[in-house]
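Below you'll find the structure, written out as structure tokens, and then a few comments.
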Amino acid sequence: MLLFSFHQWWMVSGKNNCKGFCSTTKIFAKSTKQRLKFEHNDVPPYPYGPSQIYKQSNFGLYGTQKIRFGNMVSEKNEIKTRRHWRPNVHVKELYSEGFGKKISVRITTRVLRTLRKVGGLDEYLLGEKSARIKELGMTGWKLRWQLMQTPKIKERYRKQREVLGLPPLEEDLLPEQNHNAMLQEKQREQPQSNMEDVIDENEKPAAAETKQTEIESERPS
């Protein structure tokens, strides 16, 4: 018969199986509003705002899907039983060509089907229609903004502007090209300012003449 002390039993079984106890609160715990403010600090404001009904949809690609409520009605005695339907959410690692890596995101099966139809995560996030922007949600809007800052997507937009015949953006220009563009704008504005000066000089004598006539008319005869 083996005799174990309490200390030996605790070292063998209790210490490994029992969870650690801590009475302090979570310092870094954030509410939904605080978390959104922290994650979207450097992101432009989302035009449709965060979801106020199904708040967990703010942290994934849910595609406007929310929890739904309804009743189950029995065929025998038509008794109603209240129930609800949640979106079919999965955690997937999706590859992004713009980021050059896989991104782990919570996504519904409906959005995953749409994503495969359009040709990948990048094409889904860069959609330009208002319905797609509304479907992105807060997480999709943040990923869209981060994706548009990558060099690969910037080069893609630069080529599109060249095809459409639009001038390049200021951030895409070299320092010398940017300086030349600023000089051209000043030269365009300079003739307009000269014309305004000429008009002002022509208006001054006319204003002086009208003022002189007013003074003469006010004198007693």
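Labels for the structure tokens follow display order: chains A, B, ..., residues from 1 in each chain, ligands from 1.
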- Task: Within 12 Å of segment 151-165 of chain A, counting only C-alpha atoms, which residues show up once you throw out same-chain ones fewer than 3 positions away? Write them as an MDAnalysis selection string, please.
- Result: chainID A and resid 96:100 122:123 125:126 144:148 168:173
Output N, CA and C atoms for every residue in the selection just made, as an mmCIF file, in the first residue's frame.
data_model
loop_
_atom_site.group_PDB
_atom_site.id
_atom_site.type_symbol
_atom_site.label_atom_id
_atom_site.label_comp_id
_atom_site.auth_asym_id
_atom_site.auth_seq_id
_atom_site.Cartn_x
_atom_site.Cartn_y
_atom_site.Cartn_z
ATOM 1 N N SER A 96 -5.221 36.221 -50.372
ATOM 2 C CA SER A 96 -5.355 37.519 -51.020
ATOM 3 C C SER A 96 -4.100 37.793 -51.836
ATOM 4 N N GLU A 97 -4.274 38.085 -53.124
ATOM 5 C CA GLU A 97 -3.129 38.397 -53.979
ATOM 6 C C GLU A 97 -2.540 39.761 -53.632
ATOM 7 N N GLY A 98 -3.389 40.694 -53.219
ATOM 8 C CA GLY A 98 -2.886 42.016 -52.856
ATOM 9 C C GLY A 98 -2.022 41.983 -51.613
ATOM 10 N N PHE A 99 -2.475 41.279 -50.584
ATOM 11 C CA PHE A 99 -1.688 41.143 -49.359
ATOM 12 C C PHE A 99 -0.551 40.133 -49.509
ATOM 13 N N GLY A 100 -0.717 39.186 -50.424
ATOM 14 C CA GLY A 100 0.301 38.162 -50.617
ATOM 15 C C GLY A 100 0.328 37.122 -49.521
ATOM 16 N N ASP A 122 -9.990 39.436 -53.186
ATOM 17 C CA ASP A 122 -9.675 40.788 -53.648
ATOM 18 C C ASP A 122 -10.792 41.358 -54.508
ATOM 19 N N GLU A 123 -11.319 40.555 -55.427
ATOM 20 C CA GLU A 123 -12.390 41.032 -56.306
ATOM 21 C C GLU A 123 -13.663 41.310 -55.513
ATOM 22 N N LEU A 125 -13.780 42.320 -52.308
ATOM 23 C CA LEU A 125 -13.598 43.528 -51.503
ATOM 24 C C LEU A 125 -13.553 44.790 -52.351
ATOM 25 N N LEU A 126 -13.075 44.697 -53.588
ATOM 26 C CA LEU A 126 -12.912 45.875 -54.440
ATOM 27 C C LEU A 126 -14.123 46.146 -55.316
ATOM 28 N N ARG A 144 -10.988 46.324 -47.197
ATOM 29 C CA ARG A 144 -10.970 47.014 -48.495
ATOM 30 C C ARG A 144 -9.984 48.179 -48.472
ATOM 31 N N TRP A 145 -10.010 48.974 -47.398
ATOM 32 C CA TRP A 145 -9.105 50.114 -47.285
ATOM 33 C C TRP A 145 -7.649 49.652 -47.188
ATOM 34 N N GLN A 146 -7.388 48.623 -46.398
ATOM 35 C CA GLN A 146 -6.023 48.114 -46.277
ATOM 36 C C GLN A 146 -5.534 47.524 -47.595
ATOM 37 N N LEU A 147 -6.439 46.886 -48.335
ATOM 38 C CA LEU A 147 -6.061 46.299 -49.617
ATOM 39 C C LEU A 147 -5.729 47.375 -50.649
ATOM 40 N N MET A 148 -6.445 48.488 -50.609
ATOM 41 C CA MET A 148 -6.203 49.569 -51.566
ATOM 42 C C MET A 148 -4.889 50.296 -51.304
ATOM 43 N N PRO A 168 -2.366 61.065 -63.714
ATOM 44 C CA PRO A 168 -1.983 60.286 -62.524
ATOM 45 C C PRO A 168 -2.214 61.069 -61.245
ATOM 46 N N LEU A 169 -2.357 60.356 -60.157
ATOM 47 C CA LEU A 169 -2.532 60.992 -58.859
ATOM 48 C C LEU A 169 -1.227 61.636 -58.408
ATOM 49 N N GLU A 170 -1.336 62.608 -57.481
ATOM 50 C CA GLU A 170 -0.149 63.315 -57.001
ATOM 51 C C GLU A 170 0.807 62.377 -56.272
ATOM 52 N N GLU A 171 0.252 61.398 -55.554
ATOM 53 C CA GLU A 171 1.119 60.484 -54.803
ATOM 54 C C GLU A 171 1.865 59.528 -55.718
ATOM 55 N N ASP A 172 1.363 59.346 -56.978
ATOM 56 C CA ASP A 172 2.036 58.463 -57.923
ATOM 57 C C ASP A 172 3.149 59.168 -58.689
ATOM 58 N N LEU A 173 3.185 60.497 -58.648
ATOM 59 C CA LEU A 173 4.190 61.246 -59.382
ATOM 60 C C LEU A 173 5.512 61.275 -58.629
#
Can you tell me, as a CSV table (one decimal) with C-alpha atoms, in the first residue's frame, what residues are no more than 12 Å from segment 61-65 of chain A when counting only C-alpha atoms, ignoring any on the same chain fewer than 5 positions away?
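Once written, out-v2.csv looks like this:
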chain,number,residue,atom,x,y,z
A,48,TYR,CA,-23.5,52.8,-43.7
A,50,PRO,CA,-21.9,49.6,-37.8
A,51,SER,CA,-24.8,47.2,-37.3
A,52,GLN,CA,-26.8,47.9,-34.2
A,53,ILE,CA,-29.0,44.7,-34.3
A,54,TYR,CA,-26.6,41.8,-34.8
A,55,LYS,CA,-23.4,43.2,-33.5
A,56,GLN,CA,-21.2,40.2,-34.1
A,85,TRP,CA,-32.1,31.0,-37.1
A,86,ARG,CA,-28.5,32.1,-37.0
A,87,PRO,CA,-26.3,32.7,-40.0
A,88,ASN,CA,-24.1,29.8,-41.0
A,89,VAL,CA,-20.7,31.2,-40.0
A,90,HIS,CA,-17.3,29.6,-40.5
A,91,VAL,CA,-13.7,30.7,-39.9
A,92,LYS,CA,-11.8,30.5,-43.1
A,94,LEU,CA,-8.7,33.1,-47.6
A,104,SER,CA,-8.3,34.4,-41.4
A,105,VAL,CA,-11.8,35.9,-41.3
A,106,ARG,CA,-15.3,34.9,-40.1
A,107,ILE,CA,-17.5,34.4,-43.1
A,108,THR,CA,-20.9,33.1,-43.9
A,109,THR,CA,-21.5,30.4,-46.5
A,110,ARG,CA,-23.6,32.8,-48.6
A,111,VAL,CA,-20.7,35.3,-48.8
A,112,LEU,CA,-18.3,32.5,-49.5
A,113,ARG,CA,-20.3,31.4,-52.4
A,114,THR,CA,-20.4,35.0,-53.8
A,115,LEU,CA,-16.7,35.3,-53.2
A,121,LEU,CA,-11.3,37.8,-51.9
A,124,TYR,CA,-15.1,40.8,-53.7
A,125,LEU,CA,-13.6,43.5,-51.5
A,131,ALA,CA,-24.9,47.0,-52.9
A,132,ARG,CA,-21.4,45.5,-52.5
A,133,ILE,CA,-20.3,48.4,-50.3
A,134,LYS,CA,-23.3,47.8,-48.1
A,135,GLU,CA,-22.7,44.1,-48.0
A,136,LEU,CA,-19.1,44.5,-46.8
A,137,GLY,CA,-19.9,45.7,-43.3
A,138,MET,CA,-17.3,47.1,-41.0
A,139,THR,CA,-14.7,44.3,-41.4
A,140,GLY,CA,-15.0,44.2,-45.1
A,141,TRP,CA,-14.7,48.0,-45.3
A,142,LYS,CA,-11.5,47.9,-43.2
A,143,LEU,CA,-10.0,45.1,-45.4
A,144,ARG,CA,-11.0,47.0,-48.5
- Task: Work out how far atom CA of Phe69 of chain A is from atom CA of Arg83 of chain A, in Å to one decimal.
- Result: 6.0 Å
- Item | Computed interatomic separation between atom CA of Gly70 of chain A and atom CA of His84 of chain A (Å) |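 Atom CA of Gly70 of chain A sits 6.0 Å away from atom CA of His84 of chain A.
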